[in-house]
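A.B. asks: Contents of upload.cif (mmCIF, C-alpha atoms) are below:
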```
data_coords
loop_
_atom_site.label_atom_id
_atom_site.label_comp_id
_atom_site.auth_asym_id
_atom_site.auth_seq_id
_atom_site.Cartn_x
_atom_site.Cartn_y
_atom_site.Cartn_z
CA MET M 1 0.00 0.00 0.00
CA LYS M 2 2.79 2.37 0.93
CA LYS M 3 4.61 1.51 -2.28
CA LEU M 4 1.50 2.44 -4.21
CA PHE M 5 1.60 5.98 -2.80
CA VAL M 6 5.30 6.23 -3.66
CA PHE M 7 4.46 5.05 -7.14
CA ILE M 8 1.80 7.74 -7.50
CA ILE M 9 4.30 10.41 -6.37
CA LEU M 10 6.85 9.13 -8.87
CA ILE M 11 4.31 9.14 -11.70
CA ALA M 12 3.34 12.70 -10.81
CA LEU M 13 6.98 13.77 -10.89
CA ALA M 14 7.57 11.93 -14.15
CA SER M 15 4.60 13.65 -15.74
CA MET M 16 6.09 16.95 -14.57
CA LEU M 17 9.45 16.06 -16.11
CA TYR M 18 7.98 14.83 -19.38
CA PRO M 19 7.04 18.28 -20.78
CA LEU M 20 10.62 19.36 -20.15
CA LEU M 21 11.75 16.47 -22.32
CA ASP M 22 9.02 17.11 -24.86
CA THR M 23 9.83 20.78 -25.37
CA PHE M 24 13.55 20.12 -25.54
CA HIS M 25 14.59 20.12 -29.19
CA GLY M 26 18.31 20.47 -28.76
CA ASN M 27 20.09 23.78 -29.01
CA ASP M 28 21.12 25.12 -32.37
CA LYS M 29 22.88 28.13 -30.93
CA LEU M 30 24.12 29.46 -27.64
CA SER M 31 21.98 31.30 -25.16
CA GLU M 32 22.28 35.09 -25.19
CA LEU M 33 24.35 35.27 -22.02
CA SER M 34 26.88 32.76 -23.33
CA GLN M 35 27.05 34.59 -26.65
CA PHE M 36 27.99 37.68 -24.66
CA TYR M 37 30.75 35.72 -22.91
CA ALA M 38 32.01 34.32 -26.21
CA GLN M 39 32.27 37.68 -28.01
CA SER M 40 35.84 38.27 -29.10
CA GLU M 41 36.16 41.58 -27.22
CA ASN M 42 35.04 39.91 -23.99
CA VAL M 43 37.35 36.97 -24.59
CA SER M 44 40.30 39.31 -25.02
CA LYS M 45 39.20 41.29 -21.95
CA VAL M 46 39.52 38.22 -19.73
CA ASN M 47 42.25 36.62 -21.86
CA ALA M 48 41.68 33.07 -20.62
CA GLN M 49 41.68 30.19 -23.11
CA ASN M 50 39.30 28.04 -21.10
CA LEU M 51 35.91 29.76 -21.09
CA VAL M 52 34.59 27.56 -18.26
CA THR M 53 37.40 28.83 -16.04
CA ALA M 54 36.62 32.40 -17.07
CA VAL M 55 32.98 31.89 -16.06
CA VAL M 56 33.85 30.14 -12.79
CA VAL M 57 36.48 32.61 -11.58
CA THR M 58 35.42 36.01 -12.91
CA TYR M 59 31.86 36.23 -14.29
CA ARG M 60 30.39 33.86 -11.67
CA GLY M 61 33.10 34.38 -9.07
CA LEU M 62 30.65 35.06 -6.29
CA ASP M 63 29.09 31.62 -6.87
CA THR M 64 32.51 30.05 -6.41
CA LEU M 65 33.03 32.03 -3.21
CA GLY M 66 29.70 30.75 -1.88
CA GLU M 67 30.54 27.20 -2.95
CA VAL M 68 33.86 27.29 -1.09
CA THR M 69 32.01 28.62 1.96
CA ILE M 70 29.52 25.72 1.80
CA LEU M 71 32.36 23.22 1.57
CA PHE M 72 34.03 24.86 4.57
CA LEU M 73 30.79 24.66 6.54
CA ALA M 74 30.33 20.98 5.64
CA ALA M 75 33.89 20.22 6.77
CA ALA M 76 33.36 22.10 10.02
CA ILE M 77 30.11 20.28 10.80
CA ILE M 78 31.72 16.90 10.01
CA ALA M 79 34.58 17.74 12.35
CA PHE M 80 32.00 18.59 15.01
CA PHE M 81 30.10 15.30 14.52
CA LEU M 82 33.11 13.03 14.42
CA LYS M 83 34.89 14.40 17.44
CA THR M 84 37.27 11.61 18.38
CA GLU M 85 38.27 10.54 21.83
CA SER M 86 42.04 10.60 21.61
CA GLU M 87 42.74 6.94 22.14
CA LYS M 88 45.82 5.45 20.60
CA ARG M 89 45.11 2.51 18.37
CA THR M 90 47.33 0.56 16.08
CA LEU M 91 45.82 -0.46 12.80
CA ARG M 92 46.79 -3.40 10.66
CA LYS M 93 50.12 -3.07 8.86
CA ASN M 94 50.15 -3.04 5.09
CA SER M 95 52.31 -5.06 2.74
CA GLU M 96 55.71 -3.78 1.71
CA ILE M 97 54.77 -3.51 -1.96
CA PHE M 98 51.81 -1.27 -1.27
CA LYS M 99 53.84 0.98 1.02
CA THR M 100 56.69 1.38 -1.47
CA ALA M 101 54.30 2.05 -4.33
CA ALA M 102 52.45 4.63 -2.24
CA LYS M 103 55.73 6.38 -1.35
CA MET M 104 56.63 6.60 -5.03
CA LEU M 105 53.19 7.59 -6.27
CA VAL M 106 52.11 10.25 -3.77
CA PRO M 107 54.60 12.95 -4.95
CA ILE M 108 53.63 12.30 -8.58
CA ILE M 109 49.90 12.51 -7.81
CA THR M 110 50.41 15.75 -5.88
CA MET M 111 52.43 17.15 -8.77
CA VAL M 112 49.68 16.25 -11.25
CA GLY M 113 47.16 18.01 -9.03
CA ILE M 114 49.29 21.15 -8.90
CA TYR M 115 49.79 21.01 -12.67
CA ILE M 116 46.03 20.74 -13.19
CA PHE M 117 45.18 23.81 -11.17
CA ILE M 118 48.06 25.97 -12.37
CA ASN M 119 47.05 25.31 -15.99
CA GLY M 120 43.37 25.74 -15.25
CA HIS M 121 43.00 28.71 -17.60
CA LEU M 122 44.61 26.92 -20.57
CA THR M 123 43.51 23.28 -20.48
CA PRO M 124 40.50 21.48 -19.01
CA GLY M 125 40.87 21.46 -15.28
CA GLY M 126 41.22 23.95 -12.50
CA GLY M 127 41.05 24.38 -8.78
CA PHE M 128 38.28 21.91 -8.02
CA GLN M 129 39.73 19.10 -10.12
CA GLY M 130 43.28 19.71 -8.88
CA GLY M 131 42.10 19.82 -5.29
CA ALA M 132 40.27 16.52 -5.74
CA VAL M 133 43.40 14.94 -7.24
CA ILE M 134 45.52 16.18 -4.30
CA ALA M 135 42.94 14.73 -1.91
CA SER M 136 43.22 11.36 -3.73
CA GLY M 137 46.99 11.49 -3.09
CA VAL M 138 46.32 12.15 0.58
CA ILE M 139 43.86 9.24 0.79
CA LEU M 140 46.48 6.92 -0.73
CA MET M 141 48.90 8.09 1.97
CA LEU M 142 46.28 7.51 4.68
CA LEU M 143 45.52 4.01 3.40
CA ALA M 144 49.16 3.00 3.11
CA PHE M 145 50.35 4.37 6.45
CA PRO M 146 47.35 4.26 8.80
CA ASN M 147 49.46 4.80 11.92
CA MET M 148 51.16 7.95 10.65
CA GLU M 149 50.39 11.22 12.41
CA PHE M 150 48.20 13.29 10.13
CA ASN M 151 49.36 16.88 10.43
CA HIS M 152 45.90 18.42 10.55
CA LYS M 153 47.23 21.73 11.90
CA PHE M 154 49.15 22.20 8.64
CA PHE M 155 46.11 21.44 6.50
CA GLU M 156 43.89 23.74 8.56
CA ALA M 157 46.44 26.55 8.30
CA LEU M 158 46.77 25.98 4.54
CA GLU M 159 43.01 26.12 4.15
CA SER M 160 42.62 29.30 6.20
CA ILE M 161 45.49 31.09 4.48
CA SER M 162 44.18 30.13 1.03
CA GLY M 163 40.71 31.37 1.90
CA VAL M 164 42.03 34.68 3.25
CA VAL M 165 44.24 35.21 0.18
CA TYR M 166 41.32 34.40 -2.14
CA VAL M 167 39.00 36.90 -0.50
CA GLY M 168 41.85 39.41 -0.19
CA LEU M 169 42.67 39.26 -3.91
CA ALA M 170 38.98 39.61 -4.71
CA ALA M 171 38.61 42.62 -2.42
CA PHE M 172 41.83 44.19 -3.74
CA GLY M 173 40.21 44.55 -7.14
CA ALA M 174 37.31 46.39 -5.56
CA ILE M 175 39.67 48.67 -3.60
CA ILE M 176 41.68 49.83 -6.62
CA GLY M 177 38.46 50.46 -8.47
CA LEU M 178 38.13 47.57 -10.93
CA GLY M 179 35.45 45.51 -9.26
CA PHE M 180 35.15 42.57 -6.88
CA LEU M 181 36.96 39.50 -8.28
CA ASP M 182 38.25 41.33 -11.35
CA ASN M 183 41.18 39.54 -12.92
CA ALA M 184 42.82 42.67 -14.40
CA ILE M 185 44.64 43.50 -11.18
CA LEU M 186 47.64 41.67 -12.65
CA PRO M 187 48.94 42.21 -16.23
CA LEU M 188 46.86 40.25 -18.72
CA GLY M 189 49.77 38.85 -20.70
CA LYS M 190 49.65 37.11 -24.07
CA PHE M 191 46.66 34.91 -24.95
CA GLY M 192 47.40 31.23 -24.52
CA GLU M 193 50.52 31.43 -22.35
CA LEU M 194 50.97 30.30 -18.77
CA PHE M 195 51.31 33.85 -17.45
CA SER M 196 48.14 35.22 -18.94
CA ALA M 197 44.58 35.97 -17.87
CA GLY M 198 45.69 38.25 -15.04
CA ALA M 199 44.80 36.98 -11.59
CA ILE M 200 42.88 33.86 -12.76
CA PRO M 201 45.73 31.34 -12.28
CA VAL M 202 46.59 32.82 -8.88
CA ILE M 203 43.01 32.79 -7.64
CA TYR M 204 42.34 29.31 -9.02
CA SER M 205 45.53 27.96 -7.42
CA PHE M 206 44.39 29.18 -4.03
CA VAL M 207 40.92 27.72 -4.62
CA GLY M 208 42.62 24.42 -5.50
CA LEU M 209 44.75 24.44 -2.36
CA LYS M 210 41.71 25.29 -0.25
CA VAL M 211 39.54 22.54 -1.76
CA GLY M 212 42.37 20.00 -1.49
CA ALA M 213 43.04 20.83 2.16
CA GLU M 214 39.34 20.75 3.00
CA LEU M 215 38.71 17.38 1.35
CA SER M 216 41.85 15.97 3.02
CA ASN M 217 40.57 17.14 6.38
CA ILE M 218 37.19 15.48 5.79
CA LEU M 219 38.84 12.21 4.74
CA ASN M 220 41.15 12.28 7.75
CA LYS M 221 38.17 12.79 10.06
CA PHE M 222 36.49 9.71 8.61
CA LYS M 223 39.73 7.74 8.89
CA SER M 224 40.39 8.73 12.49
CA VAL M 225 37.13 7.17 13.71
CA GLN M 226 38.03 3.77 12.23
CA ALA M 227 38.21 1.01 14.80
CA GLU M 228 40.89 -1.60 15.14
CA ASN M 229 40.67 -4.47 12.71
CA MET F 1 22.59 12.29 -28.74
CA GLU F 2 21.42 14.90 -26.26
CA TYR F 3 17.93 13.33 -26.25
CA ILE F 4 19.37 10.01 -25.12
CA THR F 5 21.46 11.53 -22.37
CA ILE F 6 18.66 13.74 -21.11
CA THR F 7 16.31 10.73 -20.95
CA THR F 8 18.97 8.79 -19.03
CA GLY F 9 19.30 11.69 -16.62
CA PHE F 10 15.55 11.81 -15.97
CA LEU F 11 15.37 8.06 -15.44
CA ILE F 12 18.26 8.18 -12.98
CA ILE F 13 16.52 11.01 -11.09
CA LEU F 14 13.41 8.82 -10.79
CA ALA F 15 15.51 5.81 -9.69
CA GLY F 16 17.15 7.91 -6.99
CA LEU F 17 13.77 9.17 -5.75
CA TRP F 18 12.44 5.60 -5.69
CA ALA F 19 15.43 4.57 -3.57
CA ILE F 20 14.94 7.49 -1.19
CA MET F 21 11.25 6.76 -0.65
CA THR F 22 11.10 2.97 -0.49
CA ARG F 23 14.35 1.69 1.01
CA LYS F 24 14.65 1.23 4.76
CA ASN F 25 18.43 1.31 5.25
CA ILE F 26 19.87 4.79 5.81
CA ILE F 27 23.02 4.10 3.76
CA ARG F 28 20.76 2.98 0.89
CA ILE F 29 18.86 6.27 1.16
CA ILE F 30 22.14 8.19 0.94
CA ILE F 31 23.02 6.19 -2.17
CA GLY F 32 19.65 7.31 -3.55
CA PHE F 33 20.54 10.95 -2.92
CA SER F 34 23.86 10.42 -4.68
CA LEU F 35 22.08 8.96 -7.73
CA PHE F 36 19.63 11.88 -7.73
CA ASP F 37 22.61 14.28 -7.82
CA THR F 38 24.20 12.50 -10.77
CA GLY F 39 20.94 12.53 -12.70
CA ILE F 40 20.45 16.27 -12.24
CA HIS F 41 24.02 16.94 -13.37
CA ILE F 42 23.53 14.87 -16.52
CA VAL F 43 20.32 16.76 -17.35
CA MET F 44 22.01 20.13 -16.87
CA VAL F 45 25.02 19.26 -19.02
CA SER F 46 22.77 17.84 -21.75
CA MET F 47 20.79 21.08 -21.80
CA ALA F 48 24.07 22.94 -22.39
CA TYR F 49 24.94 20.88 -25.45
CA VAL F 50 24.82 22.65 -28.82
CA LYS F 51 24.60 20.53 -31.96
CA GLY F 52 28.06 20.04 -33.41
CA GLY F 53 29.71 22.19 -30.78
CA VAL F 54 33.17 21.65 -29.36
CA ALA F 55 34.31 22.11 -25.78
CA PRO F 56 34.60 25.79 -24.76
CA ILE F 57 38.39 25.81 -24.79
CA LEU F 58 39.80 28.16 -27.42
CA ASP F 59 43.13 26.48 -28.03
CA LYS F 60 43.01 26.65 -31.81
CA ASN F 61 43.22 29.77 -33.93
CA GLU F 62 40.15 28.96 -36.02
CA LEU F 63 38.07 28.91 -32.86
CA LEU F 64 38.91 32.54 -32.12
CA THR F 65 36.81 33.92 -34.97
CA ASP F 66 33.05 33.49 -34.75
CA THR F 67 33.41 31.71 -31.44
CA ALA F 68 29.74 31.83 -30.47
CA ASN F 69 28.69 29.46 -33.27
CA LYS F 70 31.30 26.81 -32.59
CA ILE F 71 31.32 26.09 -28.86
CA VAL F 72 28.88 24.60 -26.36
CA ASP F 73 27.39 26.59 -23.51
CA PRO F 74 29.98 27.18 -20.74
CA VAL F 75 27.65 28.54 -18.04
CA PRO F 76 25.75 25.33 -17.04
CA GLN F 77 29.06 23.46 -17.14
CA ALA F 78 30.52 25.91 -14.62
CA LEU F 79 27.48 25.50 -12.38
CA VAL F 80 27.67 21.69 -12.54
CA LEU F 81 31.38 21.88 -11.74
CA THR F 82 30.70 23.55 -8.42
CA ALA F 83 27.60 21.43 -7.77
CA ILE F 84 29.60 18.19 -7.93
CA VAL F 85 32.01 19.39 -5.25
CA ILE F 86 29.13 20.53 -3.04
CA GLY F 87 27.51 17.12 -3.61
CA LEU F 88 30.56 15.40 -2.14
CA GLY F 89 30.44 17.66 0.92
CA VAL F 90 26.74 17.00 1.46
CA THR F 91 27.17 13.23 1.00
CA ALA F 92 29.99 13.20 3.54
CA LEU F 93 27.83 15.19 5.96
CA MET F 94 24.93 12.76 5.58
CA LEU F 95 27.25 9.79 6.13
CA ALA F 96 28.70 11.37 9.27
CA TYR F 97 25.16 11.86 10.55
CA ALA F 98 24.31 8.23 9.73
CA MET F 99 27.34 7.13 11.72
CA LYS F 100 26.19 9.21 14.67
CA LEU F 101 22.67 7.76 14.46
CA HIS F 102 24.05 4.23 14.35
CA SER F 103 26.21 4.77 17.42
CA GLU F 104 23.13 6.00 19.30
CA LYS F 105 20.67 3.24 18.41
CA LYS F 106 22.83 0.42 17.05
CA SER F 107 20.57 0.24 14.04
CA LEU F 108 20.48 1.64 10.55
CA ASP F 109 16.82 0.96 9.91
CA ILE F 110 14.94 4.20 9.33
CA GLU F 111 11.86 2.65 10.96
CA SER F 112 13.60 2.35 14.33
CA PHE F 113 14.01 6.10 14.71
CA LYS F 114 10.58 6.96 16.06
CA ASP F 115 11.50 9.48 18.71
CA LEU F 116 9.67 12.31 17.01
CA LYS F 117 6.67 10.19 16.02
CA TRP F 118 3.59 10.07 18.21
CA MET K 1 32.06 6.90 -34.80
CA ASP K 2 28.43 6.98 -33.93
CA PHE K 3 28.08 8.64 -30.57
CA LYS K 4 24.37 7.92 -30.45
CA ILE K 5 24.82 4.17 -30.12
CA ILE K 6 27.58 4.57 -27.55
CA SER K 7 25.61 6.99 -25.44
CA ALA K 8 22.52 4.76 -25.58
CA LEU K 9 24.70 1.87 -24.42
CA LEU K 10 26.14 4.02 -21.64
CA GLY K 11 22.64 5.00 -20.57
CA ILE K 12 21.51 1.37 -20.38
CA ILE K 13 24.61 0.43 -18.38
CA MET K 14 24.04 3.35 -16.01
CA LEU K 15 20.40 2.40 -15.43
CA ALA K 16 21.43 -1.22 -14.76
CA MET K 17 24.10 0.01 -12.34
CA SER K 18 21.65 2.21 -10.49
CA PHE K 19 19.26 -0.75 -10.24
CA ILE K 20 22.10 -2.81 -8.70
CA ALA K 21 22.90 0.08 -6.36
CA ILE K 22 19.33 0.16 -5.11
CA TYR K 23 18.50 -3.55 -4.90
CA HIS K 24 21.65 -5.58 -4.39
CA LYS K 25 21.76 -7.38 -1.05
CA LYS K 26 25.40 -6.67 -0.28
CA MET K 27 26.12 -3.06 0.60
CA ILE K 28 29.67 -3.18 -0.77
CA VAL K 29 28.42 -4.11 -4.23
CA ALA K 30 25.83 -1.33 -4.04
CA VAL K 31 28.47 1.28 -3.17
CA ILE K 32 30.73 0.13 -6.00
CA ALA K 33 27.77 0.29 -8.39
CA THR K 34 27.19 3.91 -7.29
CA GLY K 35 30.82 4.66 -8.10
CA ALA K 36 30.39 3.01 -11.50
CA VAL K 37 27.38 5.25 -12.24
CA GLY K 38 29.66 8.26 -11.61
CA LEU K 39 32.39 6.83 -13.84
CA PHE K 40 30.02 6.20 -16.77
CA ALA K 41 28.50 9.63 -16.21
CA SER K 42 31.96 11.14 -16.66
CA ILE K 43 32.32 9.38 -20.03
CA MET K 44 28.93 10.78 -20.99
CA TYR K 45 30.07 14.31 -20.06
CA LEU K 46 33.04 13.83 -22.35
CA PHE K 47 30.68 13.05 -25.26
CA LEU K 48 28.66 16.14 -24.37
CA ALA K 49 31.82 18.28 -24.85
CA ALA K 50 32.33 19.05 -21.17
CA PRO K 51 35.87 17.88 -20.27
CA ASP K 52 36.02 20.02 -17.12
CA VAL K 53 32.92 18.40 -15.66
CA ALA K 54 34.16 14.96 -16.73
CA MET K 55 37.42 15.42 -14.80
CA THR K 56 35.62 16.56 -11.68
CA GLU K 57 33.11 13.71 -11.78
CA ALA K 58 35.81 11.10 -12.39
CA ALA K 59 37.90 12.30 -9.45
CA ILE K 60 35.10 13.00 -7.00
CA GLY K 61 32.05 10.94 -7.94
CA SER K 62 33.82 7.66 -8.44
CA GLY K 63 36.92 8.15 -6.29
CA LEU K 64 36.53 10.12 -3.11
CA SER K 65 32.85 9.49 -2.36
CA THR K 66 33.30 5.72 -2.72
CA ILE K 67 36.19 5.85 -0.25
CA ILE K 68 34.08 7.79 2.25
CA PHE K 69 31.25 5.23 1.91
CA PHE K 70 33.72 2.43 2.62
CA TYR K 71 35.11 4.15 5.68
CA VAL K 72 31.61 4.56 7.08
CA LEU K 73 30.65 0.95 6.28
CA ASN K 74 33.80 -0.33 7.98
CA ARG K 75 33.13 1.76 11.08
CA ILE K 76 29.52 0.61 11.32
CA ARG K 77 30.47 -3.04 10.87
CA SER K 78 33.06 -2.93 13.64
CA ASN K 79 30.55 -1.12 15.86
CA ASP K 80 28.18 -4.01 15.32
CA LYS K 81 30.79 -6.61 16.21
CA GLU K 82 31.41 -4.90 19.54
CA GLY K 83 27.84 -4.80 20.73
CA ARG K 84 26.11 -7.63 18.94
CA GLU K 85 22.83 -8.16 20.68
CA SER K 86 20.48 -9.50 18.05
CA ASP K 87 20.79 -10.95 14.60
CA GLU K 88 18.56 -8.33 13.09
CA ILE K 89 21.40 -5.83 12.97
CA ASP K 90 23.38 -8.10 10.72
CA GLU K 91 20.61 -8.26 8.20
CA VAL K 92 20.47 -4.51 7.93
CA ILE K 93 24.19 -4.15 7.30
CA LYS K 94 25.22 -7.19 5.31
#
```
Kindly return the structure encoded in the file as structure tokens.
C.D. replies:
Amino acid sequence: MKKLFVFIILIALASMLYPLLDTFHGNDKLSELSQFYAQSENVSKVNAQNLVTAVVVTYRGLDTLGEVTILFLAAAIIAFFLKTESEKRTLRKNSEIFKTAAKMLVPIITMVGIYIFINGHLTPGGGFQGGAVIASGVILMLLAFPNMEFNHKFFEALESISGVVYVGLAAFGAIIGLGFLDNAILPLGKFGELFSAGAIPVIYSFVGLKVGAELSNILNKFKSVQAEN
Amino acid sequence: MEYITITTGFLIILAGLWAIMTRKNIIRIIIGFSLFDTGIHIVMVSMAYVKGGVAPILDKNELLTDTANKIVDPVPQALVLTAIVIGLGVTALMLAYAMKLHSEKKSLDIESFKDLKW
Amino acid sequence: MDFKIISALLGIIMLAMSFIAIYHKKMIVAVIATGAVGLFASIMYLFLAAPDVAMTEAAIGSGLSTIIFFYVLNRIRSNDKEGRESDEIDEVIK
């Protein structure tokens, strides 16, 4: 009987979704807003090759700021929920092969992450992807050496400093009269080179460091409540 | 192609809702939320697709002229980009809460949490 | 190459995976199926000309969230071993 009600709700929702599907005929051209972003004068004003990065960091920069705030809040609430009693436990030791492979791979994974967010304005990628890749390196480290002290003070400091620098750079643009989160506070450079697009690589690098540190903190919280096995 | 992906997205949304409303295990419900997220992202990215468009990365010279007719829509992609990261944070939060609930009642069944029911 | 056929195939695989994620008895299989949905979704984003989104989904949807699920499952299972009072708990976890 209960499943019947659920079924009715689902059918109602499906009949609401169906007109969306029915009126969707595929796009033949961009929406007006995106056409504005893709105009050549606006492209040369931002000077970033990757238009998604341009939208994320400058045009919709406030959204990114809010997103980073939400992630910070989620990490803080998780830390509050998973408050650990500081008992010392020894977890199972891993095999030598896994440990050696982890030692060799973690620097490479971290380097790939840094490469991804430094080149965020040229190639696909950016702060969020790079931060996630750095967090995967940290999780490999946590899995390989479960008894190692996780330096959470360092990650918290990194996160706070990155956040302050991000907001500071954004506010600096407003102070010198260009606008909040304007990327023209640094020289724009030549289109398609590493040092181009003004402040976008700098801002995105700090976003990447912040996201990476936050995700690492969340993962470490979940790891630190693991019981002995 | 975009019709197929958008239909898949809608069906995954419905599957996630079905999981949220009928399953009893809390972890299963969180899996349902995760599926719901993925479905919405697929629908949004499909709506951004333009027929015959390439990715909005202007790394070739011929893309620099008449850009607006050659690329796909970058704005929904940027929104989905941030939404995925928020989705991970929300999933982790829900899992932490599930852990807390389990340590209180030693059960993951949603039916055994009746403290607010009268 | 015909992207239509490939994306239809991907859609069918994703729906099958989400069915497994909802109805499989073992929770570990269900979690892995959820990760697989994310992975196939990232391939689909690549076909839809969104490489940025594909990278994010591949790293987060199928990597980090699966790991968090496993940590939580492991914690809950060891909790159950400590204070096993009835057999009903086992059936919920499995």
A.B. asks: For chain M, work out the contacting residues on chain F at 8 Å, counting all atoms listed in the file, and write them as a ChimeraX atom specification.
C.D. replies: /F:2-3,6-7,10,14,17-18,21-22,47-51,56-59,64-69,72-75,77-79,81-82,85-86,89-90,92-93,96-97,100
A.B. asks: Any chance you could work out the axis-aligned box around stretch 123-131 of chain M, listed atoms only, 3 Å on each side, giving centre and edge lengths in Å to one decimal, as AutoDock Vina command-line options?
C.D. replies:
```
--center_x 40.9 --center_y 21.7 --center_z -12.9 --size_x 11.2 --size_y 11.3 --size_z 21.2
```
A.B. asks: Report as a Markdown table: every residue of chain K with an atom at most 8 Å from chain F, its closest pair of atoms, and their distance in Å to one decimal, counting all atoms listed in the file, with rows sorted by chain and ascending residue number.
C.D. replies:
```
| residue | atom | partner | partner_atom | distance |
| --- | --- | --- | --- | --- |
| K:Phe3 | CA | F:Met1 | CA | 6.8 |
| K:Lys4 | CA | F:Met1 | CA | 5.0 |
| K:Ser7 | CA | F:Thr5 | CA | 6.9 |
| K:Ala8 | CA | F:Ile4 | CA | 6.1 |
| K:Gly11 | CA | F:Thr8 | CA | 5.5 |
| K:Ile12 | CA | F:Thr8 | CA | 8.0 |
| K:Leu15 | CA | F:Ile12 | CA | 6.6 |
| K:Ser18 | CA | F:Ala15 | CA | 7.2 |
| K:Phe19 | CA | F:Ala15 | CA | 7.6 |
| K:Ala21 | CA | F:Ile31 | CA | 7.4 |
| K:Ile22 | CA | F:Ala19 | CA | 6.1 |
| K:Val31 | CA | F:Ile31 | CA | 7.4 |
| K:Thr34 | CA | F:Ile31 | CA | 7.0 |
| K:Val37 | CA | F:Leu35 | CA | 7.9 |
| K:Gly38 | CA | F:Thr38 | CA | 7.0 |
| K:Ala41 | CA | F:Ile42 | CA | 7.2 |
| K:Met44 | CA | F:Thr5 | CA | 7.6 |
| K:Tyr45 | CA | F:Val45 | CA | 7.1 |
| K:Leu48 | CA | F:Tyr49 | CA | 6.1 |
| K:Ala49 | CA | F:Ala55 | CA | 4.7 |
| K:Ala50 | CA | F:Ala55 | CA | 5.9 |
| K:Pro51 | CA | F:Ala55 | CA | 7.1 |
| K:Asp52 | CA | F:Leu81 | CA | 7.3 |
| K:Val53 | CA | F:Leu81 | CA | 5.5 |
| K:Thr56 | CA | F:Leu81 | CA | 6.8 |
| K:Glu57 | CA | F:Ile84 | CA | 6.9 |
| K:Ile60 | CA | F:Leu88 | CA | 7.1 |
| K:Gly61 | CA | F:Leu88 | CA | 7.5 |
| K:Ser65 | CA | F:Leu88 | CA | 6.3 |
| K:Ile68 | CA | F:Ala92 | CA | 6.9 |
| K:Phe69 | CA | F:Leu95 | CA | 7.4 |
| K:Val72 | CA | F:Met99 | CA | 6.8 |
| K:Arg75 | CA | F:Met99 | CA | 7.9 |
| K:Ile76 | CA | F:Met99 | CA | 6.9 |
| K:Asn79 | CA | F:Ser103 | CA | 7.5 |
| K:Asp80 | CA | F:Lys106 | CA | 7.2 |
| K:Ile89 | CA | F:Ser107 | CA | 6.2 |
| K:Val92 | CA | F:Leu108 | CA | 6.7 |
| K:Ile93 | CA | F:Leu108 | CA | 7.6 |
```
A.B. asks: For the atom pair atom CA of M:Phe150 and atom CA of M:Met104, what is the interatomic distance in Å to one decimal place?
C.D. replies: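 Here the two named atoms are 18.6 Å from each other.
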A.B. asks: Mind giving me the straight-line distance from atom CA of M:Ala101 to atom CA of M:Leu142 in Å, one decimal?
C.D. replies: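 Taking atom CA of M:Ala101 as the start and atom CA of M:Leu142 as the end point, the length is 13.2 Å.
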A.B. asks: So, counting all atoms listed in the file, which residue among K:Ser62, K:Arg77, K:Leu10, K:Met55 is closest to chain M?
C.D. replies: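 Of all the options, K:Met55 lies closest to chain M.
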A.B. asks: Applied to this file, what does the PyMOL selection byres ((chain M and resi 173) around 12) return in terms of residues, put as a ChimeraX atom specification?
C.D. replies: /M:58,166-172,174-186,198-199
A.B. asks: Could you jot down the atom CA of M:Pro146 to atom CA of M:Phe117 separation for me, Å, one decimal place?
C.D. replies: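 Computed distance, atom CA of M:Pro146 to atom CA of M:Phe117, equals 28.0 Å.
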A.B. asks: Name the closest residue to chain K among the candidates M:Ser224, M:Thr110, M:Asn147, M:Asn94; distances are taken between atoms, counting only C-alpha atoms.
C.D. replies: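 Closest to chain K, using only C-alpha atoms: M:Ser224.
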A.B. asks: Determine the nearest neighbour of chain K from the options M:Ser136, M:Asn217, M:Ser160, M:Thr23, counting all atoms listed in the file.
C.D. replies: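 Looking only at the distances to chain K, the closest residue turns out to be M:Ser136.
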A.B. asks: With distances taken over only C-alpha atoms, which of K:Ala59, K:Ala36, K:Leu73, K:Thr66 is nearest to chain M?
C.D. replies: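 Result for the nearest residue to chain M: K:Ala59.
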A.B. asks: What's around M:Ile134 at 7 Å? Count only C-alpha atoms, leave out sequence neighbours fewer than 5 positions away in its own chain, and write the answer as a list in words.
C.D. replies: Ile109, Thr110, Gly113 and Gly212 of chain M
A.B. asks: Within 12 Å of (54.7, -2.5, 2.6) in the file's own coordinates, which protein, DNA or RNA residues have an atom, counting only C-alpha atoms? List them as a CSV table (one decimal) with C-alpha atoms, in the coordinates of the input.
C.D. replies:
```
chain,number,residue,atom,x,y,z
M,92,ARG,CA,46.8,-3.4,10.7
M,93,LYS,CA,50.1,-3.1,8.9
M,94,ASN,CA,50.2,-3.0,5.1
M,95,SER,CA,52.3,-5.1,2.7
M,96,GLU,CA,55.7,-3.8,1.7
M,97,ILE,CA,54.8,-3.5,-2.0
M,98,PHE,CA,51.8,-1.3,-1.3
M,99,LYS,CA,53.8,1.0,1.0
M,100,THR,CA,56.7,1.4,-1.5
M,101,ALA,CA,54.3,2.0,-4.3
M,102,ALA,CA,52.4,4.6,-2.2
M,103,LYS,CA,55.7,6.4,-1.4
M,143,LEU,CA,45.5,4.0,3.4
M,144,ALA,CA,49.2,3.0,3.1
M,145,PHE,CA,50.4,4.4,6.4
M,146,PRO,CA,47.4,4.3,8.8
```
